[in-house]
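Visitor: The file below is input37.txt, compact mmCIF, C-alpha atoms:
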```
# COMPACT_ATOMS: atom_id res chain seq x y z
CA MET W 1101 0.06 -5.00 -16.36
CA PRO W 1102 -2.18 -3.66 -13.59
CA ARG W 1103 -1.44 -0.34 -11.94
CA VAL W 1104 0.99 -1.19 -9.12
CA LEU W 1105 0.98 1.14 -6.09
CA ALA W 1106 3.37 0.84 -3.15
CA VAL W 1107 1.61 2.02 0.03
CA SER W 1108 4.66 3.29 1.89
CA ASN W 1109 5.93 5.54 4.64
CA GLN W 1110 9.14 4.92 6.57
CA LYS W 1111 7.45 6.11 9.77
CA GLY W 1112 5.40 3.51 11.61
CA GLY W 1113 1.85 3.97 12.86
CA VAL W 1114 0.68 6.32 10.11
CA GLY W 1115 -2.05 4.05 8.72
CA LYS W 1116 -0.27 2.20 5.90
CA THR W 1117 -1.88 -1.18 6.51
CA THR W 1118 -5.28 0.33 7.32
CA THR W 1119 -5.10 2.29 4.06
CA ALA W 1120 -3.98 -0.71 2.00
CA ILE W 1121 -6.80 -2.89 3.38
CA ASN W 1122 -9.59 -0.35 3.15
CA LEU W 1123 -8.54 1.30 -0.11
CA GLY W 1124 -8.27 -2.18 -1.65
CA THR W 1125 -11.74 -3.05 -0.34
CA ALA W 1126 -13.17 0.25 -1.57
CA LEU W 1127 -11.63 -0.21 -5.05
CA ALA W 1128 -13.17 -3.69 -5.20
CA ALA W 1129 -16.50 -2.18 -4.12
CA VAL W 1130 -16.46 0.24 -7.09
CA GLY W 1131 -15.82 -2.60 -9.54
CA GLU W 1132 -12.03 -3.00 -9.68
CA THR W 1133 -10.19 -6.30 -9.22
CA VAL W 1134 -7.49 -5.80 -6.62
CA LEU W 1135 -4.50 -7.75 -5.29
CA ILE W 1136 -2.95 -6.72 -1.98
CA ILE W 1137 0.61 -7.89 -1.38
CA ASP W 1138 1.52 -7.99 2.31
CA MET W 1139 5.25 -7.17 2.35
CA ASP W 1140 5.45 -6.56 6.10
CA PRO W 1141 6.80 -9.52 8.17
CA GLN W 1142 4.27 -8.62 10.89
CA GLY W 1143 1.51 -9.71 8.51
CA ASN W 1144 -1.06 -7.21 9.75
CA ALA W 1145 -2.73 -6.80 6.36
CA SER W 1146 -3.22 -10.57 6.19
CA THR W 1147 -4.74 -10.64 9.68
CA GLY W 1148 -6.90 -7.61 8.94
CA LEU W 1149 -8.38 -9.37 5.91
CA GLY W 1150 -9.20 -12.51 7.88
CA VAL W 1151 -6.38 -14.79 6.71
CA PRO W 1152 -5.31 -16.79 9.81
CA ARG W 1153 -1.66 -17.78 10.17
CA SER W 1154 -2.63 -21.46 9.84
CA ALA W 1155 -3.96 -20.74 6.33
CA ARG W 1156 -0.80 -19.00 5.09
CA THR W 1157 0.68 -22.05 3.37
CA THR W 1158 2.19 -20.01 0.54
CA THR W 1159 3.18 -16.40 1.11
CA ILE W 1160 5.09 -13.51 -0.42
CA TYR W 1161 8.20 -15.13 1.11
CA ASP W 1162 7.81 -17.96 -1.43
CA VAL W 1163 7.60 -15.40 -4.24
CA ILE W 1164 10.63 -13.36 -3.16
CA VAL W 1165 12.96 -16.16 -2.03
CA ASP W 1166 11.84 -19.27 -3.93
CA GLN W 1167 10.50 -17.40 -7.00
CA GLN W 1168 7.14 -19.13 -6.81
CA PRO W 1169 4.48 -17.78 -9.25
CA ILE W 1170 2.22 -15.00 -7.99
CA GLY W 1171 -0.88 -16.96 -9.03
CA GLU W 1172 -0.03 -19.85 -6.70
CA CYS W 1173 0.26 -17.58 -3.67
CA ALA W 1174 -2.73 -15.24 -4.04
CA VAL W 1175 -5.80 -16.17 -1.99
CA LYS W 1176 -9.37 -14.91 -2.14
CA THR W 1177 -10.66 -12.75 0.67
CA SER W 1178 -14.24 -12.44 1.88
CA VAL W 1179 -14.54 -9.32 -0.30
CA PRO W 1180 -15.55 -10.10 -3.91
CA GLY W 1181 -12.83 -8.96 -6.30
CA LEU W 1182 -10.18 -8.61 -3.56
CA TYR W 1183 -7.23 -11.01 -3.26
CA ILE W 1184 -4.17 -11.04 -1.01
CA ILE W 1185 -0.74 -12.62 -0.98
CA PRO W 1186 -0.20 -13.06 2.76
CA SER W 1187 2.96 -12.40 4.72
CA ASP W 1188 5.20 -14.59 6.84
CA PRO W 1189 7.56 -13.80 9.77
CA ASP W 1190 10.32 -15.45 7.73
CA LEU W 1191 10.28 -12.33 5.54
CA SER W 1192 12.37 -10.55 8.19
CA GLY W 1193 15.35 -12.67 7.14
CA VAL W 1194 15.07 -12.05 3.40
CA GLU W 1195 17.98 -9.61 3.31
CA ILE W 1196 20.36 -12.22 4.70
CA GLU W 1197 18.92 -15.16 2.75
CA LEU W 1198 19.22 -13.49 -0.62
CA GLY W 1199 22.69 -12.11 0.13
CA GLN W 1200 24.20 -11.28 -3.24
CA ALA W 1201 21.53 -13.18 -5.21
CA ASP W 1202 20.91 -12.18 -8.79
CA ARG W 1203 18.31 -9.41 -9.24
CA ARG W 1204 17.62 -9.40 -5.48
CA SER W 1205 16.01 -5.94 -5.74
CA TYR W 1206 13.74 -7.02 -8.60
CA ARG W 1207 12.28 -10.28 -7.30
CA LEU W 1208 8.73 -8.91 -6.95
CA ARG W 1209 8.87 -6.98 -10.21
CA ASP W 1210 10.06 -10.07 -12.10
CA ALA W 1211 7.27 -12.16 -10.56
CA LEU W 1212 4.57 -9.66 -11.55
CA GLU W 1213 5.95 -9.31 -15.08
CA HIS W 1214 6.15 -13.09 -15.53
CA GLN W 1215 2.56 -13.51 -14.36
CA ALA W 1216 1.47 -10.82 -16.82
CA GLN W 1217 3.34 -12.48 -19.69
CA VAL W 1218 1.53 -15.78 -19.16
CA GLY W 1219 -1.78 -13.90 -19.07
CA GLU W 1220 -2.64 -14.67 -15.44
CA LEU W 1221 -2.40 -11.26 -13.81
CA ALA W 1222 -6.06 -10.28 -14.08
CA TYR W 1223 -6.04 -7.37 -11.62
CA SER W 1224 -6.64 -3.72 -12.31
CA TYR W 1225 -4.73 -2.65 -9.17
CA VAL W 1226 -1.95 -4.18 -7.07
CA LEU W 1227 -1.44 -2.53 -3.67
CA ILE W 1228 1.79 -3.35 -1.83
CA ASP W 1229 1.69 -2.86 1.93
CA CYS W 1230 5.30 -1.96 2.74
CA PRO W 1231 7.13 -2.35 6.07
CA PRO W 1232 7.92 0.86 8.00
CA SER W 1233 11.62 0.84 7.12
CA LEU W 1234 13.93 1.12 4.16
CA ASN W 1235 15.09 -2.46 3.60
CA LEU W 1236 15.18 -4.99 0.76
CA LEU W 1237 11.42 -5.57 1.02
CA THR W 1238 10.65 -1.87 0.55
CA ILE W 1239 13.18 -1.69 -2.30
CA ASN W 1240 11.48 -4.67 -3.99
CA ALA W 1241 8.10 -2.97 -3.59
CA MET W 1242 9.28 0.32 -5.08
CA SER W 1243 11.18 -1.42 -7.88
CA ALA W 1244 7.95 -3.19 -8.85
CA ALA W 1245 5.64 -0.18 -8.43
CA ASP W 1246 4.45 2.38 -10.91
CA ALA W 1247 3.90 4.87 -8.12
CA VAL W 1248 3.96 5.37 -4.36
CA LEU W 1249 0.86 6.21 -2.34
CA VAL W 1250 1.82 7.81 0.97
CA PRO W 1251 -0.44 7.70 4.05
CA LEU W 1252 0.54 10.65 6.25
CA GLN W 1253 -0.57 10.98 9.85
CA CYS W 1254 -1.56 14.53 10.72
CA GLU W 1255 1.15 15.03 13.35
CA PHE W 1256 4.38 17.03 13.39
CA PHE W 1257 6.86 14.13 13.33
CA ALA W 1258 5.10 12.63 10.31
CA LEU W 1259 6.43 15.53 8.23
CA GLU W 1260 10.01 14.49 9.01
CA GLY W 1261 9.24 10.95 7.88
CA LEU W 1262 7.78 12.33 4.66
CA SER W 1263 10.99 14.12 3.74
CA GLN W 1264 12.94 10.88 4.26
CA LEU W 1265 10.48 9.00 2.06
CA MET W 1266 10.78 11.54 -0.75
CA ARG W 1267 14.56 11.05 -0.72
CA THR W 1268 14.04 7.29 -0.91
CA ILE W 1269 11.68 7.63 -3.89
CA ASP W 1270 14.24 9.81 -5.68
CA LEU W 1271 16.98 7.28 -4.89
CA VAL W 1272 14.98 4.32 -6.25
CA LYS W 1273 13.88 6.31 -9.27
CA GLY W 1274 17.47 7.24 -10.09
CA SER W 1275 18.99 3.79 -9.66
CA LEU W 1276 16.37 1.04 -9.95
CA ASN W 1277 13.02 2.17 -11.35
CA PRO W 1278 12.94 5.28 -13.61
CA ARG W 1279 9.15 5.13 -13.98
CA LEU W 1280 8.47 5.46 -10.24
CA GLU W 1281 6.43 8.52 -9.28
CA LEU W 1282 4.47 9.90 -6.36
CA GLN W 1283 0.86 8.84 -6.86
CA GLY W 1284 -0.44 10.92 -4.01
CA ILE W 1285 -0.43 11.68 -0.30
CA VAL W 1286 -3.47 10.79 1.79
CA LEU W 1287 -3.89 12.52 5.14
CA THR W 1288 -4.83 10.00 7.84
CA MET W 1289 -5.95 10.09 11.48
CA PHE W 1290 -7.26 13.62 10.98
CA ASP W 1291 -8.84 15.05 14.13
CA ARG W 1292 -10.92 18.17 13.49
CA ARG W 1293 -10.85 18.99 17.21
CA ASN W 1294 -7.06 19.25 17.12
CA ALA W 1295 -5.60 22.45 15.65
CA LEU W 1296 -2.34 20.61 14.84
CA SER W 1297 -4.12 18.34 12.34
CA GLY W 1298 -5.27 21.39 10.44
CA HIS W 1299 -1.81 22.98 10.49
CA VAL W 1300 -0.12 19.80 9.22
CA ALA W 1301 -2.71 19.41 6.47
CA LYS W 1302 -2.21 23.02 5.41
CA ASP W 1303 1.60 22.66 5.34
CA VAL W 1304 1.47 19.47 3.28
CA ARG W 1305 -1.01 20.92 0.79
CA SER W 1306 1.04 24.10 0.37
CA HIS W 1307 4.18 22.06 -0.36
CA PHE W 1308 2.78 19.21 -2.48
CA GLY W 1309 -0.26 20.88 -4.02
CA GLU W 1310 -2.43 18.59 -6.13
CA LYS W 1311 -0.43 15.53 -5.11
CA VAL W 1312 -2.38 15.59 -1.82
CA TYR W 1313 -5.76 13.90 -2.10
CA GLU W 1314 -8.82 15.99 -1.32
CA THR W 1315 -10.13 13.08 0.75
CA VAL W 1316 -9.02 13.11 4.38
CA ILE W 1317 -9.26 9.97 6.53
CA PRO W 1318 -10.57 10.91 9.99
CA ARG W 1319 -9.73 9.29 13.31
CA ASN W 1320 -12.46 6.71 13.73
CA VAL W 1321 -13.01 4.07 16.40
CA ARG W 1322 -14.82 1.70 14.02
CA VAL W 1323 -11.85 1.68 11.63
CA SER W 1324 -9.55 0.84 14.55
CA GLU W 1325 -11.83 -1.97 15.76
CA ALA W 1326 -12.28 -3.70 12.41
CA PRO W 1327 -8.91 -5.57 12.17
CA SER W 1328 -9.55 -7.41 15.45
CA PHE W 1329 -12.55 -9.00 13.69
CA GLY W 1330 -10.50 -9.87 10.60
CA LYS W 1331 -12.57 -7.51 8.48
CA PRO W 1332 -11.97 -4.29 6.52
CA ALA W 1333 -13.80 -1.31 8.01
CA LEU W 1334 -16.11 -1.21 4.99
CA ILE W 1335 -17.39 -4.70 5.85
CA TYR W 1336 -17.36 -4.14 9.61
CA ASP W 1337 -19.29 -0.86 9.46
CA LEU W 1338 -19.99 0.58 6.02
CA LYS W 1339 -21.75 3.68 7.34
CA CYS W 1340 -19.02 4.92 9.69
CA THR W 1341 -17.12 8.06 8.69
CA GLY W 1342 -13.87 6.15 8.11
CA SER W 1343 -15.46 3.69 5.67
CA GLN W 1344 -17.15 6.48 3.76
CA ALA W 1345 -13.84 8.35 3.55
CA TYR W 1346 -12.09 5.31 2.04
CA LEU W 1347 -14.87 4.93 -0.54
CA LYS W 1348 -14.38 8.56 -1.46
CA LEU W 1349 -10.60 8.02 -1.66
CA ALA W 1350 -11.08 5.03 -4.00
CA ARG W 1351 -13.19 7.13 -6.36
CA GLU W 1352 -10.52 9.83 -6.29
CA VAL W 1353 -7.76 7.29 -7.07
CA VAL W 1354 -9.74 5.90 -10.01
CA GLN W 1355 -10.41 9.41 -11.32
CA ARG W 1356 -6.70 10.31 -11.13
CA GLU W 1357 -5.88 7.16 -13.06
CA LYS W 1358 -8.39 8.06 -15.78
CA VAL W 1359 -6.79 11.50 -16.12
CA ARG W 1360 -3.31 9.97 -16.20
CA ARG W 1361 -4.25 7.46 -18.92
CA ALA W 1362 -5.95 10.15 -20.99
CA ALA W 1363 -2.82 12.31 -20.82
CA ALA W 1364 -0.45 9.43 -21.68
```
In structure tokens, write the structure found in this file.
Guide:
Amino acid sequence: MPRVLAVSNQKGGVGKTTTAINLGTALAAVGETVLIIDMDPQGNASTGLGVPRSARTTTIYDVIVDQQPIGECAVKTSVPGLYIIPSDPDLSGVEIELGQADRRSYRLRDALEHQAQVGELAYSYVLIDCPPSLNLLTINAMSAADAVLVPLQCEFFALEGLSQLMRTIDLVKGSLNPRLELQGIVLTMFDRRNALSGHVAKDVRSHFGEKVYETVIPRNVRVSEAPSFGKPALIYDLKCTGSQAYLKLAREVVQREKVRRAAA
């Protein structure tokens, strides 16, 4: 099994999709093989990686609802070593469609495990871009994940969202997925000119310690522009500060994984 990370935060606009896209691209750039699963009905990760809606013939909806194999839904992106299972607006109705269906909270986990059993899950990392709410899609993501990676915007209200997310992780760990852990918190949209960004960063580091990545993702116009061109920031402008920060974050993630495996 690859290392499965749910990129999640119940607050919207904190950089979840941007982090999933660019961390996935950066991991591929340092030699990893990565699958991004777009679990948000808005499909922003799919758009940001240049997968037009007309090309989304099979999506994560087919995996969750119709139990279609992962391998039949993953598509190559323009980045070597990076694949994506795109999203579909129909995902928003999953909760109603599955109703009381058997193992409704484990659909994604079962699909990943089946693909691994048949020897066709050749990824070192799976990144799940979660919707900004606690619903069946987020529950499926956390039930399938080894750990949660939390993008945290450096603003006051983001701290409230973080406390809610920690309760959710504890809830899922206690009832659905005992192995779930907090992989790390990455500070996003950091503005050095704004004293509040520094205060939030200091508060988070004092509370979560080493769980907070050293790498900080700055506010960067080039990172914001990239999705409109259907490209990750690293392809759109490799030299910008945002792209360089995501490369640094990828190296930090890989290093943490090496330490974790060595300690296991």
Visitor: Neighbours of range 1163-1165 of chain W within 8 Å (only C-alpha atoms; same-chain residues fewer than 2 positions away dropped), as an MDAnalysis selection string?
Guide: chainID W and resid 1159:1161 1167:1170 1173 1194 1197:1198 1207:1208 1211
Visitor: Using only C-alpha atoms, can you tell me which of W:Ser1297, W:Ser1224, W:Asn1240, W:Asn1277 comes closest to Glu1255 in chain W?
Guide: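 That would be W:Ser1297, the residue with the smallest distance to Glu1255 in chain W.
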Visitor: Considering all atoms listed in the file, state which residue in the set W:Thr1177, W:Asn1109, W:Gln1253, W:Ser1275 is at the smallest distance from Val1304 in chain W.
Guide: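 Nearest to Val1304 in chain W: W:Gln1253.
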Visitor: Compare W:Gly1199, W:Gly1181, W:Gly1115, W:Gly1261 by their minimum atom-to-atom distance to Ala1222 in chain W, counting only C-alpha atoms, and give me the closest one.
Guide: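 Checking each of W:Gly1199, W:Gly1181, W:Gly1115, W:Gly1261 against Ala1222 in chain W, counting only C-alpha atoms, the winner is W:Gly1181.
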Visitor: Mind giving me the straight-line distance from CA of Phe1256 in chain W to CA of Glu1281 in chain W in Å, one decimal?
Guide: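 So the two atoms, CA of Phe1256 in chain W and CA of Glu1281 in chain W, lie 24.3 Å apart.
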Visitor: Enclose range 1310-1322 of chain W, meaning all of its atoms listed in the file, in a box aligned along x, y and z, pad it by 6 Å on each side, and list the centre and edge lengths in Å to one decimal, as JSON.
Guide:
```
{"center_x": -7.6, "center_y": 10.1, "center_z": 5.1, "size_x": 26.4, "size_y": 28.9, "size_z": 34.5}
```
Visitor: List every residue of range 1138-1257 of chain W that has an atom at most 12 Å from any atom of range 1335-1343 of chain W, giving for each one its closest atom pair and the distance in Å to one decimal, counting all atoms listed in the file, sorted by chain and then by ascending residue number, as CSV.
Guide:
```
residue,atom,partner,partner_atom,distance
W:Gly1148,CA,W:Tyr1336,CA,11.0
W:Leu1149,CA,W:Ile1335,CA,10.1
W:Gly1150,CA,W:Ile1335,CA,11.5
W:Thr1177,CA,W:Ile1335,CA,11.7
W:Ser1178,CA,W:Ile1335,CA,9.3
W:Val1179,CA,W:Ile1335,CA,8.2
W:Pro1180,CA,W:Ile1335,CA,11.3
```
Visitor: With distances taken over all atoms listed in the file, which residue among W:Lys1348, W:Arg1204, W:Arg1279, W:Arg1267 lies nearest Asp1246 in chain W?
Guide: W:Arg1279
Visitor: Excluding same-chain residues fewer than 2 positions from Ile1269 in chain W, what lies within 9 Å of it counting only C-alpha atoms, as a PDB file with C-alpha atoms, in the frame of the given file?
Guide:
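So the final result, stored in around_37.pdb, reads:
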```pdb
ATOM      1  CA  MET W1242       9.280   0.320  -5.080  1.00  0.00           C
ATOM      2  CA  VAL W1248       3.960   5.370  -4.360  1.00  0.00           C
ATOM      3  CA  GLN W1264      12.940  10.880   4.260  1.00  0.00           C
ATOM      4  CA  LEU W1265      10.480   9.000   2.060  1.00  0.00           C
ATOM      5  CA  MET W1266      10.780  11.540  -0.750  1.00  0.00           C
ATOM      6  CA  ARG W1267      14.560  11.050  -0.720  1.00  0.00           C
ATOM      7  CA  LEU W1271      16.980   7.280  -4.890  1.00  0.00           C
ATOM      8  CA  VAL W1272      14.980   4.320  -6.250  1.00  0.00           C
ATOM      9  CA  LYS W1273      13.880   6.310  -9.270  1.00  0.00           C
ATOM     10  CA  GLY W1274      17.470   7.240 -10.090  1.00  0.00           C
ATOM     11  CA  LEU W1280       8.470   5.460 -10.240  1.00  0.00           C
ATOM     12  CA  GLU W1281       6.430   8.520  -9.280  1.00  0.00           C
ATOM     13  CA  LEU W1282       4.470   9.900  -6.360  1.00  0.00           C
TER      14      LEU W1282
END
```
Visitor: In file coordinates, which residues lie within 8 Å of (15.0, -5.0, -1.2) using all atoms listed in the file, given as a ChimeraX atom specification?
Guide: /W:1195,1204-1206,1235-1241
Visitor: List every protein, DNA or RNA residue with an atom no more than 9 Å from (-14.6, -1.4, -1.3) in the file's coordinates, counting all atoms listed in the file, and format the result as a ChimeraX atom specification.
Guide: /W:1122-1132,1179,1182,1332,1334-1335,1343,1346-1347,1350
Visitor: List the neighbours of Arg1356 in chain W out to 12 Å using only C-alpha atoms; skip same-chain residues closer than 4 positions along the sequence, and give me the result as a list in words.
Guide: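 Here the answer would be Arg1103, Gln1283, Gly1284, Glu1310, Lys1311, Val1312, Tyr1313, Glu1314, Leu1349, Ala1350, Arg1351, Glu1352, Arg1360, Arg1361, Ala1362 and Ala1363 of chain W.
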Visitor: Provide the CA of Ser1108 in chain W to CA of Val1134 in chain W distance in Å, to one decimal place.
Guide: 17.4 Å
Visitor: Measure the distance from CA of Leu1276 in chain W to CA of Val1218 in chain W in Å and round it to one decimal.
Guide: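 Separation between CA of Leu1276 in chain W and CA of Val1218 in chain W: 24.2 Å.
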Visitor: Do a neighbour search on Pro1152 in chain W at 10 Å with only C-alpha atoms, toss out local chain neighbours closer than 6 positions, and write the hits as an MDAnalysis selection string.
Guide: chainID W and resid 1143 1146 1186 1330
Visitor: Which residue gives the smallest distance to Gly1298 in chain W among W:Leu1212, W:Val1323, W:Met1101, W:Val1316, with only C-alpha atoms counted?
Guide: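 Comparing W:Leu1212, W:Val1323, W:Met1101, W:Val1316 against Gly1298 in chain W, the winner is W:Val1316.
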Visitor: Pick out the closest residue to Leu1259 in chain W from this set: W:Asp1210, W:Asp1229, W:Asp1190, W:Asp1303. Count only C-alpha atoms.
Guide: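 Of all the options, W:Asp1303 lies closest to Leu1259 in chain W.
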Visitor: Starting from the incomplete input, reconstruct N, CA and C atoms of range 1174-1187 of chain W and report them as a PDB file, in the frame of the given file.
Guide:
```pdb
ATOM      1  N   ALA W1174      -1.607 -16.140  -4.310  1.00  0.00           N
ATOM      2  CA  ALA W1174      -2.730 -15.240  -4.040  1.00  0.00           C
ATOM      3  C   ALA W1174      -3.943 -16.026  -3.552  1.00  0.00           C
ATOM      4  N   VAL W1175      -4.601 -15.514  -2.519  1.00  0.00           N
ATOM      5  CA  VAL W1175      -5.800 -16.170  -1.990  1.00  0.00           C
ATOM      6  C   VAL W1175      -6.972 -15.185  -2.007  1.00  0.00           C
ATOM      7  N   LYS W1176      -8.167 -15.731  -2.163  1.00  0.00           N
ATOM      8  CA  LYS W1176      -9.370 -14.910  -2.140  1.00  0.00           C
ATOM      9  C   LYS W1176      -9.648 -14.433  -0.717  1.00  0.00           C
ATOM     10  N   THR W1177     -10.182 -13.237  -0.622  1.00  0.00           N
ATOM     11  CA  THR W1177     -10.660 -12.750   0.670  1.00  0.00           C
ATOM     12  C   THR W1177     -12.182 -12.843   0.685  1.00  0.00           C
ATOM     13  N   SER W1178     -12.780 -12.423   1.782  1.00  0.00           N
ATOM     14  CA  SER W1178     -14.240 -12.440   1.880  1.00  0.00           C
ATOM     15  C   SER W1178     -14.878 -11.340   1.046  1.00  0.00           C
ATOM     16  N   VAL W1179     -14.040 -10.424   0.524  1.00  0.00           N
ATOM     17  CA  VAL W1179     -14.540  -9.320  -0.300  1.00  0.00           C
ATOM     18  C   VAL W1179     -14.474  -9.717  -1.767  1.00  0.00           C
ATOM     19  N   PRO W1180     -15.590  -9.740  -2.490  1.00  0.00           N
ATOM     20  CA  PRO W1180     -15.550 -10.100  -3.910  1.00  0.00           C
ATOM     21  C   PRO W1180     -14.626  -9.167  -4.691  1.00  0.00           C
ATOM     22  N   GLY W1181     -13.744  -9.766  -5.495  1.00  0.00           N
ATOM     23  CA  GLY W1181     -12.830  -8.960  -6.300  1.00  0.00           C
ATOM     24  C   GLY W1181     -11.556  -8.559  -5.596  1.00  0.00           C
ATOM     25  N   LEU W1182     -11.373  -8.973  -4.336  1.00  0.00           N
ATOM     26  CA  LEU W1182     -10.180  -8.610  -3.560  1.00  0.00           C
ATOM     27  C   LEU W1182      -9.400  -9.874  -3.185  1.00  0.00           C
ATOM     28  N   TYR W1183      -8.115  -9.883  -3.545  1.00  0.00           N
ATOM     29  CA  TYR W1183      -7.230 -11.010  -3.260  1.00  0.00           C
ATOM     30  C   TYR W1183      -6.037 -10.496  -2.449  1.00  0.00           C
ATOM     31  N   ILE W1184      -5.365 -11.426  -1.769  1.00  0.00           N
ATOM     32  CA  ILE W1184      -4.170 -11.040  -1.010  1.00  0.00           C
ATOM     33  C   ILE W1184      -3.111 -12.130  -1.101  1.00  0.00           C
ATOM     34  N   ILE W1185      -1.857 -11.707  -1.198  1.00  0.00           N
ATOM     35  CA  ILE W1185      -0.740 -12.620  -0.980  1.00  0.00           C
ATOM     36  C   ILE W1185      -0.276 -12.350   0.449  1.00  0.00           C
ATOM     37  N   PRO W1186      -0.504 -13.314   1.351  1.00  0.00           N
ATOM     38  CA  PRO W1186      -0.200 -13.060   2.760  1.00  0.00           C
ATOM     39  C   PRO W1186       1.284 -12.984   3.056  1.00  0.00           C
ATOM     40  N   SER W1187       1.580 -12.568   4.279  1.00  0.00           N
ATOM     41  CA  SER W1187       2.960 -12.400   4.720  1.00  0.00           C
ATOM     42  C   SER W1187       3.363 -13.539   5.653  1.00  0.00           C
TER      43      SER W1187
END
```
